[in-house]
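Participant: File model-v8.pdb below, PDB, C-alpha atoms and all ligand atoms:
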```
ATOM      1  CA  MET A   1       0.000   0.000   0.000
ATOM      2  CA  SER A   2       1.361   3.481  -0.816
ATOM      3  CA  GLU A   3       2.218   6.085   1.767
ATOM      4  CA  LEU A   4      -0.527   7.965   3.647
ATOM      5  CA  PHE A   5      -1.153  11.130   1.654
ATOM      6  CA  ALA A   6      -2.249  14.026   3.873
ATOM      7  CA  LEU A   7      -3.978  17.252   2.904
ATOM      8  CA  PHE A   8      -4.598  20.311   5.023
ATOM      9  CA  GLY A   9      -7.286  22.679   3.742
ATOM     10  CA  GLY A  10      -7.775  26.247   4.885
ATOM     11  CA  THR A  11      -8.327  29.827   3.910
ATOM     12  CA  PHE A  12      -4.846  30.724   5.164
ATOM     13  CA  ASP A  13      -5.609  34.472   5.305
ATOM     14  CA  PRO A  14      -2.807  34.370   6.478
ATOM     15  CA  ILE A  15      -1.114  31.065   7.368
ATOM     16  CA  HIS A  16       0.163  31.126  10.961
ATOM     17  CA  TYR A  17       1.852  29.011  13.629
ATOM     18  CA  GLY A  18      -1.556  27.718  14.775
ATOM     19  CA  HIS A  19      -1.633  25.933  11.420
ATOM     20  CA  LEU A  20       2.016  24.964  11.118
ATOM     21  CA  ARG A  21       3.040  23.779  14.583
ATOM     22  CA  PRO A  22       0.142  21.431  15.390
ATOM     23  CA  VAL A  23       0.404  19.894  11.912
ATOM     24  CA  GLU A  24       4.166  19.421  12.294
ATOM     25  CA  ALA A  25       3.517  17.624  15.597
ATOM     26  CA  LEU A  26       0.730  15.553  14.013
ATOM     27  CA  ALA A  27       3.049  14.594  11.142
ATOM     28  CA  GLN A  28       5.657  13.362  13.563
ATOM     29  CA  GLN A  29       3.108  11.433  15.610
ATOM     30  CA  VAL A  30       1.417   9.769  12.656
ATOM     31  CA  GLY A  31       4.553   9.397  10.513
ATOM     32  CA  LEU A  32       3.630  11.696   7.620
ATOM     33  CA  LYS A  33       6.478  12.455   5.232
ATOM     34  CA  GLN A  34       4.550  15.132   3.347
ATOM     35  CA  VAL A  35       1.582  17.400   4.062
ATOM     36  CA  THR A  36      -0.100  19.177   1.161
ATOM     37  CA  LEU A  37      -1.622  22.569   1.923
ATOM     38  CA  LEU A  38      -4.884  23.109   0.071
ATOM     39  CA  PRO A  39      -5.903  26.788  -0.005
ATOM     40  CA  ASN A  40      -9.687  27.236  -0.389
ATOM     41  CA  ASN A  41     -11.884  29.527  -2.381
ATOM     42  CA  VAL A  42     -14.487  31.002  -0.055
ATOM     43  CA  PRO A  43     -18.164  30.745  -1.092
ATOM     44  CA  PRO A  44     -19.600  34.103  -2.190
ATOM     45  CA  HIS A  45     -22.140  34.241   0.681
ATOM     46  CA  ARG A  46     -19.355  34.097   3.299
ATOM     47  CA  PRO A  47     -16.983  36.960   4.188
ATOM     48  CA  GLN A  48     -14.236  36.973   1.566
ATOM     49  CA  PRO A  49     -10.533  36.646   2.438
ATOM     50  CA  GLN A  50      -8.788  40.009   2.590
ATOM     51  CA  ALA A  51      -5.778  38.700   0.688
ATOM     52  CA  SER A  52      -6.245  37.589  -2.917
ATOM     53  CA  ALA A  53      -5.829  33.944  -3.851
ATOM     54  CA  ALA A  54      -2.399  34.730  -5.327
ATOM     55  CA  GLN A  55      -1.353  36.530  -2.129
ATOM     56  CA  ARG A  56      -2.536  33.649   0.054
ATOM     57  CA  VAL A  57      -0.470  31.241  -2.047
ATOM     58  CA  ALA A  58       2.534  33.578  -1.894
ATOM     59  CA  MET A  59       2.246  33.613   1.913
ATOM     60  CA  LEU A  60       2.105  29.792   1.957
ATOM     61  CA  GLN A  61       5.250  29.728  -0.183
ATOM     62  CA  CYS A  62       7.029  32.082   2.246
ATOM     63  CA  ALA A  63       5.942  29.935   5.198
ATOM     64  CA  ILE A  64       7.081  26.612   3.766
ATOM     65  CA  ALA A  65      10.333  27.709   2.078
ATOM     66  CA  ASP A  66      12.308  26.238   5.003
ATOM     67  CA  ARG A  67       9.760  23.543   5.930
ATOM     68  CA  PRO A  68      10.226  20.590   3.579
ATOM     69  CA  LEU A  69       7.320  18.729   5.191
ATOM     70  CA  PHE A  70       4.878  20.923   3.265
ATOM     71  CA  ASP A  71       3.908  21.434  -0.336
ATOM     72  CA  ILE A  72       0.928  23.224  -1.916
ATOM     73  CA  ASP A  73      -1.950  22.112  -4.148
ATOM     74  CA  THR A  74      -3.746  25.070  -5.731
ATOM     75  CA  ARG A  75      -6.454  23.075  -7.515
ATOM     76  CA  GLU A  76      -9.337  24.651  -5.556
ATOM     77  CA  LEU A  77      -8.120  28.148  -6.443
ATOM     78  CA  ALA A  78      -7.786  27.254 -10.105
ATOM     79  CA  ARG A  79     -11.546  26.658 -10.313
ATOM     80  CA  PRO A  80     -13.796  29.687 -10.775
ATOM     81  CA  THR A  81     -16.230  28.510  -8.085
ATOM     82  CA  PRO A  82     -15.614  27.362  -4.495
ATOM     83  CA  SER A  83     -15.100  23.611  -4.228
ATOM     84  CA  TRP A  84     -16.630  21.342  -1.651
ATOM     85  CA  THR A  85     -13.986  19.372   0.236
ATOM     86  CA  VAL A  86     -15.828  16.170  -0.621
ATOM     87  CA  ASP A  87     -15.472  16.936  -4.362
ATOM     88  CA  THR A  88     -11.746  17.579  -4.045
ATOM     89  CA  LEU A  89     -11.352  14.334  -2.117
ATOM     90  CA  GLU A  90     -13.289  12.467  -4.813
ATOM     91  CA  ALA A  91     -10.985  13.914  -7.476
ATOM     92  CA  LEU A  92      -7.922  12.851  -5.474
ATOM     93  CA  ARG A  93      -9.373   9.405  -4.905
ATOM     94  CA  ALA A  94      -9.929   9.034  -8.662
ATOM     95  CA  GLU A  95      -6.358  10.178  -9.381
ATOM     96  CA  ARG A  96      -4.654   8.045  -6.765
ATOM     97  CA  GLY A  97      -6.788   4.923  -6.786
ATOM     98  CA  ALA A  98      -9.054   3.112  -4.343
ATOM     99  CA  GLN A  99      -6.244   1.743  -2.162
ATOM    100  CA  GLN A 100      -4.351   4.991  -1.523
ATOM    101  CA  PRO A 101      -4.549   5.973   2.174
ATOM    102  CA  LEU A 102      -5.756   9.587   2.272
ATOM    103  CA  GLY A 103      -5.819  11.826   5.351
ATOM    104  CA  PHE A 104      -7.579  15.162   5.640
ATOM    105  CA  ILE A 105      -6.280  17.356   8.460
ATOM    106  CA  ILE A 106      -8.624  19.657  10.393
ATOM    107  CA  GLY A 107      -8.586  21.548  13.668
ATOM    108  CA  GLN A 108     -10.934  20.741  16.559
ATOM    109  CA  ASP A 109     -13.184  23.703  15.632
ATOM    110  CA  SER A 110     -13.732  22.188  12.202
ATOM    111  CA  LEU A 111     -14.522  18.786  13.723
ATOM    112  CA  LEU A 112     -17.251  20.441  15.815
ATOM    113  CA  THR A 113     -18.969  21.836  12.696
ATOM    114  CA  LEU A 114     -18.244  18.940  10.361
ATOM    115  CA  HIS A 115     -21.898  17.877  10.308
ATOM    116  CA  LYS A 116     -22.631  21.143   8.439
ATOM    117  CA  TRP A 117     -20.212  20.313   5.622
ATOM    118  CA  HIS A 118     -21.612  19.327   2.256
ATOM    119  CA  ARG A 119     -22.130  15.516   2.187
ATOM    120  CA  TRP A 120     -20.260  15.166   5.448
ATOM    121  CA  GLN A 121     -21.261  11.509   5.822
ATOM    122  CA  ASP A 122     -19.285  10.717   2.668
ATOM    123  CA  LEU A 123     -16.027  12.186   3.953
ATOM    124  CA  LEU A 124     -14.957   9.059   5.829
ATOM    125  CA  THR A 125     -15.611   6.902   2.766
ATOM    126  CA  LEU A 126     -12.948   8.969   1.022
ATOM    127  CA  CYS A 127     -10.360   9.779   3.693
ATOM    128  CA  HIS A 128      -9.280   9.541   7.291
ATOM    129  CA  LEU A 129      -9.770  12.654   9.397
ATOM    130  CA  LEU A 130      -6.684  13.747  11.305
ATOM    131  CA  VAL A 131      -7.695  16.233  13.987
ATOM    132  CA  CYS A 132      -5.414  18.774  15.687
ATOM    133  CA  GLN A 133      -6.359  20.183  19.068
ATOM    134  CA  ARG A 134      -7.321  23.843  19.228
ATOM    135  CA  PRO A 135      -7.668  25.727  22.513
ATOM    136  CA  GLY A 136     -11.023  27.277  23.335
ATOM    137  CA  TYR A 137     -13.128  24.650  21.585
ATOM    138  CA  ALA A 138     -15.198  21.861  23.126
ATOM    139  CA  THR A 139     -13.700  18.397  23.060
ATOM    140  CA  GLN A 140     -17.126  16.728  22.922
ATOM    141  CA  LEU A 141     -19.341  16.942  19.862
ATOM    142  CA  GLU A 142     -22.660  18.732  20.181
ATOM    143  CA  THR A 143     -25.138  15.841  20.244
ATOM    144  CA  PRO A 144     -24.926  12.258  21.549
ATOM    145  CA  ALA A 145     -25.453  11.010  17.969
ATOM    146  CA  GLN A 146     -22.493  13.024  16.681
ATOM    147  CA  GLN A 147     -20.321  11.862  19.581
ATOM    148  CA  GLN A 148     -21.325   8.268  18.884
ATOM    149  CA  TRP A 149     -20.365   8.705  15.231
ATOM    150  CA  LEU A 150     -16.961  10.006  16.371
ATOM    151  CA  ASN A 151     -16.424   7.156  18.845
ATOM    152  CA  ASP A 152     -17.411   4.589  16.210
ATOM    153  CA  HIS A 153     -14.685   5.791  13.877
ATOM    154  CA  LEU A 154     -11.816   6.520  16.244
ATOM    155  CA  ALA A 155      -8.571   4.883  15.163
ATOM    156  CA  GLN A 156      -7.009   2.666  17.789
ATOM    157  CA  ASN A 157      -3.466   3.317  16.581
ATOM    158  CA  THR A 158      -1.661   5.188  13.812
ATOM    159  CA  GLN A 159      -1.014   1.976  11.841
ATOM    160  CA  GLN A 160      -4.699   1.827  10.965
ATOM    161  CA  LEU A 161      -4.282   5.121   9.122
ATOM    162  CA  HIS A 162      -1.481   3.705   6.983
ATOM    163  CA  HIS A 163      -3.045   0.333   6.308
ATOM    164  CA  SER A 164      -6.508   1.364   5.149
ATOM    165  CA  PRO A 165      -7.523   3.924   2.512
ATOM    166  CA  ALA A 166     -10.144   5.795   4.593
ATOM    167  CA  GLY A 167     -12.641   5.573   7.432
ATOM    168  CA  HIS A 168     -10.812   6.440  10.662
ATOM    169  CA  ILE A 169     -10.590   9.530  12.840
ATOM    170  CA  TRP A 170      -7.347  10.284  14.666
ATOM    171  CA  LEU A 171      -7.466  12.780  17.521
ATOM    172  CA  ALA A 172      -3.853  13.880  17.598
ATOM    173  CA  ASP A 173      -2.032  15.026  20.691
ATOM    174  CA  THR A 174      -0.830  18.385  19.368
ATOM    175  CA  PRO A 175       0.409  21.600  21.016
ATOM    176  CA  LEU A 176      -2.290  24.130  21.887
ATOM    177  CA  LEU A 177      -1.741  27.410  20.064
ATOM    178  CA  ASP A 178      -4.282  30.116  20.690
ATOM    179  CA  ILE A 179      -3.771  31.842  17.324
ATOM    180  CA  SER A 180      -6.274  32.675  14.603
ATOM    181  CA  ALA A 181      -5.961  34.466  11.276
ATOM    182  CA  THR A 182      -8.760  36.769  12.483
ATOM    183  CA  GLU A 183      -6.634  37.882  15.434
ATOM    184  CA  ILE A 184      -3.635  38.462  13.166
ATOM    185  CA  ARG A 185      -5.681  40.584  10.755
ATOM    186  CA  GLN A 186      -7.067  42.592  13.673
ATOM    187  CA  ARG A 187      -3.618  43.128  15.194
ATOM    188  CA  ARG A 188      -2.259  44.303  11.849
ATOM    189  CA  HIS A 189      -5.226  46.632  11.448
ATOM    190  CA  HIS A 190      -4.441  48.221  14.808
ATOM    191  CA  GLY A 191      -0.716  48.398  14.050
ATOM    192  CA  GLN A 192       0.133  45.811  16.731
ATOM    193  CA  SER A 193       2.986  43.321  16.501
ATOM    194  CA  CYS A 194       2.322  39.791  15.289
ATOM    195  CA  ALA A 195       5.802  38.470  16.052
ATOM    196  CA  ASP A 196       5.630  34.839  17.268
ATOM    197  CA  LEU A 197       2.180  34.322  15.732
ATOM    198  CA  LEU A 198       3.440  33.540  12.217
ATOM    199  CA  PRO A 199       6.769  33.097  10.428
ATOM    200  CA  ASP A 200       8.897  36.225   9.866
ATOM    201  CA  ALA A 201       8.964  35.555   6.122
ATOM    202  CA  VAL A 202       5.152  35.800   6.052
ATOM    203  CA  ILE A 203       5.200  39.000   8.135
ATOM    204  CA  ASP A 204       7.730  40.479   5.667
ATOM    205  CA  TYR A 205       5.436  39.563   2.767
ATOM    206  CA  ILE A 206       2.424  41.127   4.529
ATOM    207  CA  ASP A 207       4.460  44.310   5.086
ATOM    208  CA  ARG A 208       5.625  44.485   1.476
ATOM    209  CA  ALA A 209       2.134  43.819   0.103
ATOM    210  CA  GLY A 210       0.500  46.257   2.545
ATOM    211  CA  LEU A 211      -2.005  43.611   3.614
ATOM    212  CA  TYR A 212      -4.517  43.773   6.482
ATOM    213  CA  ARG A 213      -4.160  47.509   7.038
ATOM    214  CA  ASP A 214      -7.820  48.361   6.406
TER
HETATM  215  P1  LIG B   1      -9.998  32.685  10.533
HETATM  216  O1  LIG B   1      -9.618  33.288  11.873
HETATM  217  O2  LIG B   1      -9.839  33.640   9.370
HETATM  218  O3  LIG B   1     -11.354  32.019  10.564
HETATM  219  P2  LIG B   1      -8.272  30.378  11.036
HETATM  220  O4  LIG B   1      -7.113  30.922  11.803
HETATM  221  O5  LIG B   1      -9.324  29.618  11.815
HETATM  222  O6  LIG B   1      -8.945  31.543  10.172
HETATM  223  P3  LIG B   1      -8.366  28.688   8.668
HETATM  224  O7  LIG B   1      -7.535  28.937   7.467
HETATM  225  O8  LIG B   1      -9.812  28.983   8.582
HETATM  226  O9  LIG B   1      -7.660  29.477   9.889
HETATM  227  O10 LIG B   1      -8.165  27.208   9.206
HETATM  228  C1  LIG B   1      -7.772  26.124   8.426
HETATM  229  C2  LIG B   1      -7.734  24.895   9.311
HETATM  230  O11 LIG B   1      -6.776  25.100  10.344
HETATM  231  C3  LIG B   1      -9.057  24.557  10.005
HETATM  232  O12 LIG B   1      -9.239  23.145   9.962
HETATM  233  C4  LIG B   1      -8.841  25.025  11.442
HETATM  234  O13 LIG B   1      -9.558  24.211  12.334
HETATM  235  C5  LIG B   1      -7.340  24.822  11.609
HETATM  236  N1  LIG B   1      -6.745  25.766  12.560
HETATM  237  C6  LIG B   1      -6.657  27.118  12.427
HETATM  238  N2  LIG B   1      -6.050  27.667  13.488
HETATM  239  C7  LIG B   1      -5.753  26.657  14.337
HETATM  240  C8  LIG B   1      -5.126  26.586  15.639
HETATM  241  N3  LIG B   1      -4.723  27.684  16.280
HETATM  242  N4  LIG B   1      -4.979  25.362  16.199
HETATM  243  C9  LIG B   1      -5.411  24.232  15.544
HETATM  244  N5  LIG B   1      -6.009  24.234  14.336
HETATM  245  C10 LIG B   1      -6.183  25.415  13.724
END
```
What would you get if you wrote out this structure as structure tokens?
Facilitator:
Amino acid sequence: MSELFALFGGTFDPIHYGHLRPVEALAQQVGLKQVTLLPNNVPPHRPQPQASAAQRVAMLQCAIADRPLFDIDTRELARPTPSWTVDTLEALRAERGAQQPLGFIIGQDSLLTLHKWHRWQDLLTLCHLLVCQRPGYATQLETPAQQQWLNDHLAQNTQQLHHSPAGHIWLADTPLLDISATEIRQRRHHGQSCADLLPDAVIDYIDRAGLYRD
């Protein structure tokens, strides 16, 4: 069976250490050699990213220049309309074959709202879910039925993620970083420092591009 292929979707407006550090810890724990960042288009009815798609990709490139664990897949940005995660996973499944172990990385906040995702019940037929902890969010799902669904799919060990194509949930033991892109944008707007919240190379890019001032 080929190596577990892991994707990490996000708006990344901008990418920050709350994305990078938990995923680096997860990669070490699970034994991921590569993590592919998947920047999203945002549906028109939701608040749009402040940075353009090209700027968000440029910030990802700055962030990963000295982090060989990561690469970038811009397929969702190349499409004119926002993509559902489930559609992207179906495309990857078709490209890589039925036996390829696929992992989709999310934070705890995303796990809590997963039942609102388009065709969420199909996600585990396509991938494993690899969940990073995030401070400030409940560790229990909202309803007993959702919690039961989670318990039913929990992986017992990391080998299960490598030896099956999809279907398990791994709750990773990752560092808690109380950082959000929203906070970074707000700090920039108020002229406050964001040192230690995101890589210097990304801060330099934000400065040069004049992002998040308004
Ligand atoms: P915003 O504040 O603009 O909503 P964000 O900081 O939550 O953005 P996203 O790009 O929306 O970042 O998140 C992409 C993924 O990263 C999501 O699955 C989210 O759960 C996860 N994530 C974001 N920040 C953290 C964090 N501090 N710890 C763990 N996971 C995180």
Participant: List the spatial neighbours of range 151-159 of chain A as a ChimeraX atom specification - criterion: any atom at most 7 Å away, only C-alpha atoms, same-chain residues fewer than 3 positions off excluded.
Facilitator: /A:30,147-148,162-163,167-170
Participant: Using only C-alpha atoms and all ligand atoms, what are the residues with an atom within 6 Å of ligand LIG 1 (chain B), set out as a CSV table (one decimal) with C-alpha atoms, in the frame of the given file?
Facilitator:
```csv
chain,number,residue,atom,x,y,z
A,9,GLY,CA,-7.3,22.7,3.7
A,10,GLY,CA,-7.8,26.2,4.9
A,11,THR,CA,-8.3,29.8,3.9
A,12,PHE,CA,-4.8,30.7,5.2
A,13,ASP,CA,-5.6,34.5,5.3
A,18,GLY,CA,-1.6,27.7,14.8
A,19,HIS,CA,-1.6,25.9,11.4
A,106,ILE,CA,-8.6,19.7,10.4
A,107,GLY,CA,-8.6,21.5,13.7
A,108,GLN,CA,-10.9,20.7,16.6
A,109,ASP,CA,-13.2,23.7,15.6
A,110,SER,CA,-13.7,22.2,12.2
A,132,CYS,CA,-5.4,18.8,15.7
A,133,GLN,CA,-6.4,20.2,19.1
A,134,ARG,CA,-7.3,23.8,19.2
A,177,LEU,CA,-1.7,27.4,20.1
A,178,ASP,CA,-4.3,30.1,20.7
A,179,ILE,CA,-3.8,31.8,17.3
A,180,SER,CA,-6.3,32.7,14.6
A,181,ALA,CA,-6.0,34.5,11.3
A,182,THR,CA,-8.8,36.8,12.5
```
Participant: Could you check which of A:Thr139, A:Val86, A:Ala91, A:Asp207 is closest to Gln121 in chain A, using all atoms listed in the file?
Facilitator: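 The closest residue to Gln121 in chain A is A:Val86.
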Participant: Could you write out as a list of chain:residue names the residues that the PyMOL selection byres (((chain A and resi 38-42) around 8) and not hetatm) matches in the shown file?
Facilitator: A:Leu7, A:Phe8, A:Gly9, A:Gly10, A:Thr11, A:Phe12, A:Thr36, A:Leu37, A:Pro43, A:Pro44, A:Arg46, A:Pro47, A:Gln48, A:Pro49, A:Ala53, A:Arg56, A:Val57, A:Ile72, A:Asp73, A:Thr74, A:Arg75, A:Glu76, A:Leu77, A:Thr81, A:Pro82, A:Ser83
Participant: Now that the selection is made, can you save its residues with C-alpha atoms as a short mmCIF file (atom, residue, chain, number, x, y, z; two decimals), in the frame of the given file?
Facilitator:
```
data_model
loop_
_atom_site.label_atom_id
_atom_site.label_comp_id
_atom_site.auth_asym_id
_atom_site.auth_seq_id
_atom_site.Cartn_x
_atom_site.Cartn_y
_atom_site.Cartn_z
CA LEU A 7 -3.98 17.25 2.90
CA PHE A 8 -4.60 20.31 5.02
CA GLY A 9 -7.29 22.68 3.74
CA GLY A 10 -7.78 26.25 4.88
CA THR A 11 -8.33 29.83 3.91
CA PHE A 12 -4.85 30.72 5.16
CA THR A 36 -0.10 19.18 1.16
CA LEU A 37 -1.62 22.57 1.92
CA PRO A 43 -18.16 30.74 -1.09
CA PRO A 44 -19.60 34.10 -2.19
CA ARG A 46 -19.36 34.10 3.30
CA PRO A 47 -16.98 36.96 4.19
CA GLN A 48 -14.24 36.97 1.57
CA PRO A 49 -10.53 36.65 2.44
CA ALA A 53 -5.83 33.94 -3.85
CA ARG A 56 -2.54 33.65 0.05
CA VAL A 57 -0.47 31.24 -2.05
CA ILE A 72 0.93 23.22 -1.92
CA ASP A 73 -1.95 22.11 -4.15
CA THR A 74 -3.75 25.07 -5.73
CA ARG A 75 -6.45 23.08 -7.52
CA GLU A 76 -9.34 24.65 -5.56
CA LEU A 77 -8.12 28.15 -6.44
CA THR A 81 -16.23 28.51 -8.09
CA PRO A 82 -15.61 27.36 -4.50
CA SER A 83 -15.10 23.61 -4.23
#
```
Participant: Return the single residue from A:Gln61, A:Thr125, A:Gln160, A:Thr85 that is closest to Ala98 in chain A, with distances computed using all atoms listed in the file.
Facilitator: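 Using all atoms listed in the file, Ala98 in chain A sits closest to A:Thr125.
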Participant: Kindly indicate which residue among A:Ala63, A:Ile105, A:Leu114, A:Ala51 lies nearest to Leu26 in chain A, using only C-alpha atoms for the distances.
Facilitator: A:Ile105
Participant: Could you state which residues are captured by the PyMOL selection byres (((chain A and resi 25) around 12) and not hetatm) in this file, as a PyMOL selection string?
Facilitator: chain A and resi 17-24+26-33+35+69+130-133+172-177
Participant: Can you list what the PyMOL selection byres (((chain A and resi 203) around 10) and not hetatm) grabs from this structure, as a PyMOL selection string?
Facilitator: chain A and resi 14+16+59+62-63+188+193-195+197-202+204-209+211
Participant: From the list A:Leu126, A:Ala6, A:Leu60, A:Leu112, which residue is nearest Arg93 in chain A when using all atoms listed in the file?
Facilitator: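 Of all the options, A:Leu126 lies closest to Arg93 in chain A.
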Participant: Could you tell me how far CA of Ile184 in chain A lies from CA of Asp196 in chain A, in Å and to one decimal?
Facilitator: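 Between these atoms lies a distance of 10.8 Å.
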Participant: Let me make sure I understand: among A:Asp122, A:Gly136, A:Pro165, A:Gln50, which one has the smallest atom-to-atom distance to Arg213 in chain A if we use all atoms listed in the file?
Facilitator: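 Looking only at the distances to Arg213 in chain A, the closest residue turns out to be A:Gln50.
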Participant: Just give me the gap between CA of Asp214 in chain A and CA of Ala65 in chain A in Å, one decimal is fine.
Facilitator: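 Computing the Euclidean distance for CA of Asp214 in chain A and CA of Ala65 in chain A yields 27.8 Å.
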Participant: To one decimal place, how far is CA of Thr143 in chain A from CA of Trp120 in chain A in Å?
Facilitator: 15.6 Å
Participant: My list of candidates is A:His190, A:Ala54, A:Leu150, A:Ile64. Which is closest to Ile15 in chain A when distances are computed with only C-alpha atoms?
Facilitator: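 The answer is A:Ile64, which sits nearest to Ile15 in chain A.
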Participant: Hey, what's within 9 Å of Trp84 in chain A if we count all atoms listed in the file and toss same-chain stuff fewer than 5 positions away? As a list in words, please?
Facilitator: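 My reading of the contact set: Glu76, Leu89, Trp117, His118 and Arg119 of chain A.
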Participant: Since the input has fewer atoms than a full residue there, write range 185-192 of chain A out with all heavy atoms, as a compact mmCIF listing (two decimals), in the coordinates of the input.
Facilitator:
```
# COMPACT_ATOMS: atom_id res chain seq x y z
N ARG A 185 -5.19 39.47 11.58
CA ARG A 185 -5.68 40.58 10.76
C ARG A 185 -6.04 41.78 11.63
O ARG A 185 -5.74 42.93 11.29
CB ARG A 185 -6.90 40.13 9.93
CG ARG A 185 -6.56 39.08 8.88
CD ARG A 185 -7.71 38.88 7.89
NE ARG A 185 -8.95 38.47 8.52
CZ ARG A 185 -9.31 37.20 8.77
NH1 ARG A 185 -8.49 36.20 8.44
NH2 ARG A 185 -10.46 36.91 9.33
N GLN A 186 -6.67 41.49 12.79
CA GLN A 186 -7.07 42.59 13.67
C GLN A 186 -5.84 43.30 14.25
O GLN A 186 -5.80 44.52 14.33
CB GLN A 186 -7.95 42.07 14.81
CG GLN A 186 -9.37 41.82 14.32
CD GLN A 186 -10.21 41.06 15.34
OE1 GLN A 186 -9.72 40.62 16.38
NE2 GLN A 186 -11.48 40.87 15.02
N ARG A 187 -4.83 42.51 14.64
CA ARG A 187 -3.62 43.13 15.19
C ARG A 187 -2.94 44.01 14.15
O ARG A 187 -2.48 45.10 14.44
CB ARG A 187 -2.66 42.06 15.72
CG ARG A 187 -3.19 41.31 16.94
CD ARG A 187 -2.16 40.32 17.47
NE ARG A 187 -1.06 41.02 18.10
CZ ARG A 187 -1.04 41.44 19.37
NH1 ARG A 187 -2.08 41.21 20.14
NH2 ARG A 187 -0.01 42.08 19.86
N ARG A 188 -2.87 43.50 12.93
CA ARG A 188 -2.26 44.30 11.85
C ARG A 188 -3.04 45.59 11.65
O ARG A 188 -2.47 46.67 11.48
CB ARG A 188 -2.25 43.52 10.52
CG ARG A 188 -1.43 42.27 10.53
CD ARG A 188 0.04 42.51 10.51
NE ARG A 188 0.48 43.42 9.47
CZ ARG A 188 1.76 43.75 9.25
NH1 ARG A 188 2.71 43.24 10.02
NH2 ARG A 188 2.08 44.57 8.30
N HIS A 189 -4.35 45.47 11.67
CA HIS A 189 -5.23 46.63 11.45
C HIS A 189 -4.96 47.72 12.50
O HIS A 189 -4.99 48.91 12.21
CB HIS A 189 -6.68 46.16 11.49
CG HIS A 189 -7.68 47.26 11.33
ND1 HIS A 189 -7.84 47.94 10.15
CD2 HIS A 189 -8.56 47.80 12.22
CE1 HIS A 189 -8.78 48.86 10.31
NE2 HIS A 189 -9.23 48.79 11.55
N HIS A 190 -4.69 47.26 13.72
CA HIS A 190 -4.44 48.22 14.81
C HIS A 190 -2.96 48.54 14.97
O HIS A 190 -2.56 49.17 15.94
CB HIS A 190 -5.01 47.67 16.13
CG HIS A 190 -6.50 47.54 16.11
ND1 HIS A 190 -7.35 48.62 16.01
CD2 HIS A 190 -7.32 46.46 16.13
CE1 HIS A 190 -8.61 48.21 15.98
NE2 HIS A 190 -8.61 46.90 16.05
N GLY A 191 -2.15 48.08 14.02
CA GLY A 191 -0.72 48.40 14.05
C GLY A 191 0.04 47.68 15.16
O GLY A 191 1.10 48.12 15.58
N GLN A 192 -0.54 46.54 15.64
CA GLN A 192 0.13 45.81 16.73
C GLN A 192 1.03 44.72 16.17
O GLN A 192 0.80 44.22 15.06
CB GLN A 192 -0.93 45.16 17.65
CG GLN A 192 -1.76 46.19 18.38
CD GLN A 192 -3.02 45.57 18.99
OE1 GLN A 192 -3.52 44.54 18.53
NE2 GLN A 192 -3.55 46.22 20.00
```
